[in-house]
Every structure is written in C-alpha cells, then in structure tokens.
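Report on the following structure.
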Amino acid sequence: MIGEIAALSTACCWALAARLFRRLGASFSPLALNFWKGLAAIAVLLPWTWLMPASFSLSQMDILWLLLSGVIGIGLGDTFFFQALNKIGDSQTILVAETLAPLFTALQAMAWIAEWLTWQQWLGIAIVIMSVDMIIRLHKRSQLQNFEMSGFVCAGLAALCQAVGAVISRDILTTTSIDPANASQIRLLGGMAIIILLMLIGRRRWLPVTHNARRTWRLFILASLVGTFAALYLQMLAFSHTKAAIVQTLFATSVILSLGLAWLLGERVSRQSLGWSLMALLGVAILIGAEHFPL
C-alpha cells in the first residue's frame, strides 16, 4: 500500500499547489514559474541527497533516460500545466490533465514496459474519460465568456508529457536500485536544462512583475515546497511500488480535492460538475479495485 498512499498524498499536494500556482501566474510567466520552482526544489533536494549515502549504480543510458523524463515531464509538462492554469483555472486544468494522464500512461506502459491492464481497468479508464468530456462540455456551455480551447489543449499536452515522464521513471525505478530522492534530483536537472534553453531562446523575463515582492516570494516558496519538492518525491516513491497506470489514476483524485477546495473558498461548484466528478472517481475506484480484487 506504500505506492497507493504516496500517490494519494501526491494528489493532495497537487490540489493545493495548483491553487497557489494559479495566483502566482499573475506575476510569473509559465516558463519563469517553472524555472524558479525547479530551482527551489533542487536547493532542498541537494543537501538531502548529499547526506544520504548513494547505494545505487546507474549506467550512462539510465541517467540519460531519467534526464529525458525530466525534460518531458517537468520541463515541458509543467510549463503546459501552468499555461493552462492561467487560461482555464486550477479546477478545470487538474480535471483535464490528471484524468487524461491515466489513459496516456496505460497505453504507453503497455508499449514500453509491458504493463497490461484488464478489461475492468479499461472500463474504469473509459468512465473517467467520459466524465472529463462531460464536465468540459458543461464548462463550455455555462461559461462561454471564460472558455479558452487553447487552455484545454495545454492541459491535454501536460497530461501527455506527464504520462511519458511517468512511464520512463517507472522503468528506471524498477530496473535499477536508485532511490526516489536521487531519481527526483536527476529528473529536475533535465527539466531545468530545457526550461533555461527555452527561456534564453524566447528571451523570457526571469523575475516576476509584482507590487508586493515579499508576499509573492513567500507564496512561491510555499507552493514550491508543496507542489514540487514534496509532490515530486512522493510521485517517485509511488512509481517505485505500484504500476504506472494505477499511480497516474490515483493522481486523478486531485480533481475532487481541487473542487472541494474551491467549495471551501466559497466558489460555486455546479451539481452537474460535482456529479460527473463523482462519476470520474467511480472510474478510479473500478480501476484500483480491478488491480487488487480481479474477477
């Protein structure tokens, strides 16, 4: 159960961090926000990995694959995610990204590392995808003035990148003896490399534009600790103990947590959205139940 608990804890971190990162989106560009959060996570992880004796060995190819996982999953995936946050908000972004990701992950895991799913698990994934589609349609119909298709495209691309990074990470974590902390560190270095390259090519602004710098950086530190450092470590811990598609589907519970957080903050959540969100959770339950209690 270590993998499942770690995956659910990751979902909790993402639900809270998405809300914080959305607020930071008014001050940072998506690439700059991704850069600074990665730098903060490395600053926390470096002392940890230095103090922990390295009891693993990796080939150059393993290191390259982990770096590539970071380039795609963190560098590109998180940038698409932040772009979607700015366009369609945290609830809809999480809804699309974290519920499409299980399907992408399941397909890639079958092709890449031969992790096959049963028909019950595919049924669960189908229910999740159908629920996501219905909520997007409800959102488009009820909030046409705020509907930006490009935001949903960015969320979908974030899910795809997340899935590729997840499958590569799962492969390395299960075929080598590397621990989650060091795996996270290598992935972060890969992500930072592509982010810096993109910022230099695009001549992006590195610092935020804000009227209250102290408050902005304080909020940033909190969001980075929760959404990057804690979530990244828990994510690697989950992938080292549980199938990639199962872990990725458990991450989808951040959808309900995000909607619950919106309700607690006084935002209106329609009954239809709530109903289809619960249907998505039913799909998640079927997927996990089929893994532990196959018919």
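Every chain in the structure tokens takes a letter, A first, then B, and so on in the order presented; its residues are numbered from 1, and the ligands are numbered from 1 following the presented order.
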**Message:** I'd like the neighbourhood of region 236-249 of chain A as JSON, numbers by chain, where a residue qualifies if any of its atoms comes within 8 Å (using only C-alpha atoms), though same-chain residues fewer than 3 positions away should be ignored.
**Reply:** {"A": [2, 3, 4, 5, 6, 7, 98, 99, 101, 102, 103, 105, 106, 109, 115, 163, 166, 167, 169, 170, 173, 174, 180, 181, 183, 184, 232, 233, 252, 253, 284, 287, 288]}
**Request:** Would you list the contacts of Met149 (chain A) as JSON, numbers by chain, taking every protein, DNA or RNA residue within 9 Å and counting only C-alpha atoms, but skipping same-chain residues closer than 5 positions in sequence?
**Result:** {"A": [87, 88, 154]}
Serialized selection, N, CA, C and O atoms, as a CSV table (one decimal), in the first residue's frame:
```csv
chain,number,residue,atom,x,y,z
A,87,LYS,N,-5.2,30.1,-18.2
A,87,LYS,CA,-6.3,30.2,-19.1
A,87,LYS,C,-7.6,29.7,-18.6
A,87,LYS,O,-8.6,30.3,-18.9
A,88,ILE,N,-7.6,28.6,-17.9
A,88,ILE,CA,-8.9,28.0,-17.5
A,88,ILE,C,-9.0,27.7,-16.1
A,88,ILE,O,-10.0,27.1,-15.6
A,154,CYS,N,-3.6,22.9,-23.8
A,154,CYS,CA,-2.4,22.9,-22.9
A,154,CYS,C,-2.5,21.8,-21.8
A,154,CYS,O,-1.5,21.2,-21.5
```
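Residues with any atom within 9 Å of Arg19 (chain A), counting only C-alpha atoms and excluding same-chain neighbours fewer than 2 positions away, are Trp14, Ala15, Leu16, Ala17, Phe21, Arg22, Arg23, Leu24, Leu85, Gly89, Asp90, Ser91, Ala223, Ser258, Leu261 and Ala262 of chain A.
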**Request:** For region 48-64 of chain A, please output as a list of chain:residue names all residues within 6 Å (counting only C-alpha atoms; exclusion window: fewer than 2 positions along the same chain).
**Result:**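 The residues that qualify are A:Leu45, A:Leu46, A:Leu66, A:Leu67, A:Ser177, A:Ile178.
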**Contacts of region 68-81 of chain A within 7 Å, only C-alpha atoms, excl. fewer than 3 positions in-chain, as a ChimeraX atom specification** = /A:30-31,34,64-65,84-85,154-155,157-158,161-162,164-165,168-169,187-188,190-192,194-195
**Request:** Extract the full set of alpha helix (DSSP H) residues from region 21-128 of chain A according to DSSP on the backbone, and format it as a VMD selection string.
**Result:** chain A and resid 21 to 24 30 to 51 60 to 70 77 to 113 119 to 128
Can those selected residues be exported to a file as a PDB file, in the first residue's frame so that it contains C-alpha atoms?
```
ATOM      1  CA  PHE A  21       0.474  28.471  -8.592  1.00  0.00           C
ATOM      2  CA  ARG A  22      -2.608  29.927 -10.271  1.00  0.00           C
ATOM      3  CA  ARG A  23      -2.297  33.015  -8.055  1.00  0.00           C
ATOM      4  CA  LEU A  24       1.399  33.246  -8.910  1.00  0.00           C
ATOM      5  CA  PRO A  30       4.725  29.913 -17.130  1.00  0.00           C
ATOM      6  CA  LEU A  31       8.389  29.283 -18.034  1.00  0.00           C
ATOM      7  CA  ALA A  32       9.731  31.583 -15.305  1.00  0.00           C
ATOM      8  CA  LEU A  33       7.471  29.988 -12.701  1.00  0.00           C
ATOM      9  CA  ASN A  34       8.627  26.534 -13.791  1.00  0.00           C
ATOM     10  CA  PHE A  35      12.266  27.664 -13.584  1.00  0.00           C
ATOM     11  CA  TRP A  36      12.051  29.104 -10.090  1.00  0.00           C
ATOM     12  CA  LYS A  37      10.062  26.223  -8.642  1.00  0.00           C
ATOM     13  CA  GLY A  38      12.587  23.755 -10.077  1.00  0.00           C
ATOM     14  CA  LEU A  39      15.476  25.763  -8.638  1.00  0.00           C
ATOM     15  CA  ALA A  40      13.792  25.809  -5.208  1.00  0.00           C
ATOM     16  CA  ALA A  41      13.237  22.042  -5.298  1.00  0.00           C
ATOM     17  CA  ILE A  42      16.865  21.377  -6.253  1.00  0.00           C
ATOM     18  CA  ALA A  43      18.015  23.604  -3.393  1.00  0.00           C
ATOM     19  CA  VAL A  44      16.036  21.428  -0.975  1.00  0.00           C
ATOM     20  CA  LEU A  45      16.922  18.080  -2.560  1.00  0.00           C
ATOM     21  CA  LEU A  46      20.680  18.654  -2.913  1.00  0.00           C
ATOM     22  CA  PRO A  47      21.517  18.588   0.830  1.00  0.00           C
ATOM     23  CA  TRP A  48      19.230  15.573   1.259  1.00  0.00           C
ATOM     24  CA  THR A  49      20.902  13.544  -1.493  1.00  0.00           C
ATOM     25  CA  TRP A  50      24.378  14.562  -0.312  1.00  0.00           C
ATOM     26  CA  LEU A  51      23.654  13.412   3.256  1.00  0.00           C
ATOM     27  CA  GLN A  60      25.024   6.466 -18.640  1.00  0.00           C
ATOM     28  CA  MET A  61      21.938   5.327 -20.558  1.00  0.00           C
ATOM     29  CA  ASP A  62      19.865   5.147 -17.343  1.00  0.00           C
ATOM     30  CA  ILE A  63      20.931   8.682 -16.438  1.00  0.00           C
ATOM     31  CA  LEU A  64      20.053   9.930 -19.926  1.00  0.00           C
ATOM     32  CA  TRP A  65      16.602   8.347 -19.715  1.00  0.00           C
ATOM     33  CA  LEU A  66      15.955   9.976 -16.320  1.00  0.00           C
ATOM     34  CA  LEU A  67      17.111  13.331 -17.702  1.00  0.00           C
ATOM     35  CA  LEU A  68      14.778  12.871 -20.687  1.00  0.00           C
ATOM     36  CA  SER A  69      11.965  12.042 -18.266  1.00  0.00           C
ATOM     37  CA  GLY A  70      12.594  15.384 -16.564  1.00  0.00           C
ATOM     38  CA  GLY A  77       4.701  19.139 -18.946  1.00  0.00           C
ATOM     39  CA  ASP A  78       4.697  21.627 -16.070  1.00  0.00           C
ATOM     40  CA  THR A  79       5.029  24.581 -18.452  1.00  0.00           C
ATOM     41  CA  PHE A  80       1.931  23.423 -20.352  1.00  0.00           C
ATOM     42  CA  PHE A  81       0.207  22.917 -16.976  1.00  0.00           C
ATOM     43  CA  PHE A  82       0.953  26.481 -15.814  1.00  0.00           C
ATOM     44  CA  GLN A  83      -0.197  27.861 -19.153  1.00  0.00           C
ATOM     45  CA  ALA A  84      -3.482  26.002 -18.731  1.00  0.00           C
ATOM     46  CA  LEU A  85      -3.832  27.331 -15.163  1.00  0.00           C
ATOM     47  CA  ASN A  86      -3.610  30.892 -16.487  1.00  0.00           C
ATOM     48  CA  LYS A  87      -6.254  30.232 -19.141  1.00  0.00           C
ATOM     49  CA  ILE A  88      -8.902  27.967 -17.547  1.00  0.00           C
ATOM     50  CA  GLY A  89      -8.145  27.906 -13.804  1.00  0.00           C
ATOM     51  CA  ASP A  90      -6.998  25.205 -11.400  1.00  0.00           C
ATOM     52  CA  SER A  91     -10.157  23.070 -11.173  1.00  0.00           C
ATOM     53  CA  GLN A  92     -10.548  22.604 -14.944  1.00  0.00           C
ATOM     54  CA  THR A  93      -6.800  22.224 -15.522  1.00  0.00           C
ATOM     55  CA  ILE A  94      -6.467  19.493 -12.909  1.00  0.00           C
ATOM     56  CA  LEU A  95      -9.642  17.876 -14.159  1.00  0.00           C
ATOM     57  CA  VAL A  96      -8.345  17.520 -17.717  1.00  0.00           C
ATOM     58  CA  ALA A  97      -4.654  16.892 -17.020  1.00  0.00           C
ATOM     59  CA  GLU A  98      -4.986  14.436 -14.164  1.00  0.00           C
ATOM     60  CA  THR A  99      -7.770  12.384 -15.681  1.00  0.00           C
ATOM     61  CA  LEU A 100      -6.452  12.130 -19.233  1.00  0.00           C
ATOM     62  CA  ALA A 101      -2.997  11.178 -17.943  1.00  0.00           C
ATOM     63  CA  PRO A 102      -4.072   7.651 -16.816  1.00  0.00           C
ATOM     64  CA  LEU A 103      -5.192   6.750 -20.333  1.00  0.00           C
ATOM     65  CA  PHE A 104      -1.974   8.039 -21.894  1.00  0.00           C
ATOM     66  CA  THR A 105       0.080   6.317 -19.202  1.00  0.00           C
ATOM     67  CA  ALA A 106      -1.720   2.976 -19.596  1.00  0.00           C
ATOM     68  CA  LEU A 107      -1.176   2.943 -23.366  1.00  0.00           C
ATOM     69  CA  GLN A 108       2.480   3.894 -23.107  1.00  0.00           C
ATOM     70  CA  ALA A 109       3.133   1.485 -20.234  1.00  0.00           C
ATOM     71  CA  MET A 110       1.806  -1.396 -22.344  1.00  0.00           C
ATOM     72  CA  ALA A 111       4.010  -0.459 -25.287  1.00  0.00           C
ATOM     73  CA  TRP A 112       7.114   0.497 -23.292  1.00  0.00           C
ATOM     74  CA  ILE A 113       7.341  -1.779 -20.231  1.00  0.00           C
ATOM     75  CA  TRP A 119     -10.905  -5.209 -19.122  1.00  0.00           C
ATOM     76  CA  GLN A 120     -12.202  -3.985 -15.736  1.00  0.00           C
ATOM     77  CA  GLN A 121      -9.381  -1.466 -15.552  1.00  0.00           C
ATOM     78  CA  TRP A 122     -10.090  -0.274 -19.085  1.00  0.00           C
ATOM     79  CA  LEU A 123     -13.741   0.136 -18.064  1.00  0.00           C
ATOM     80  CA  GLY A 124     -12.621   2.367 -15.200  1.00  0.00           C
ATOM     81  CA  ILE A 125     -10.478   4.466 -17.540  1.00  0.00           C
ATOM     82  CA  ALA A 126     -13.378   4.802 -20.005  1.00  0.00           C
ATOM     83  CA  ILE A 127     -15.671   6.092 -17.240  1.00  0.00           C
ATOM     84  CA  VAL A 128     -13.043   8.639 -16.195  1.00  0.00           C
TER      85      VAL A 128
END
```
**Asked** How many Å lie between CA of Leu138 (chain A) and CA of Leu274 (chain A), rounded to one decimal?
**Response**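 Taking CA of Leu138 (chain A) and CA of Leu274 (chain A), their separation equals 11.1 Å.
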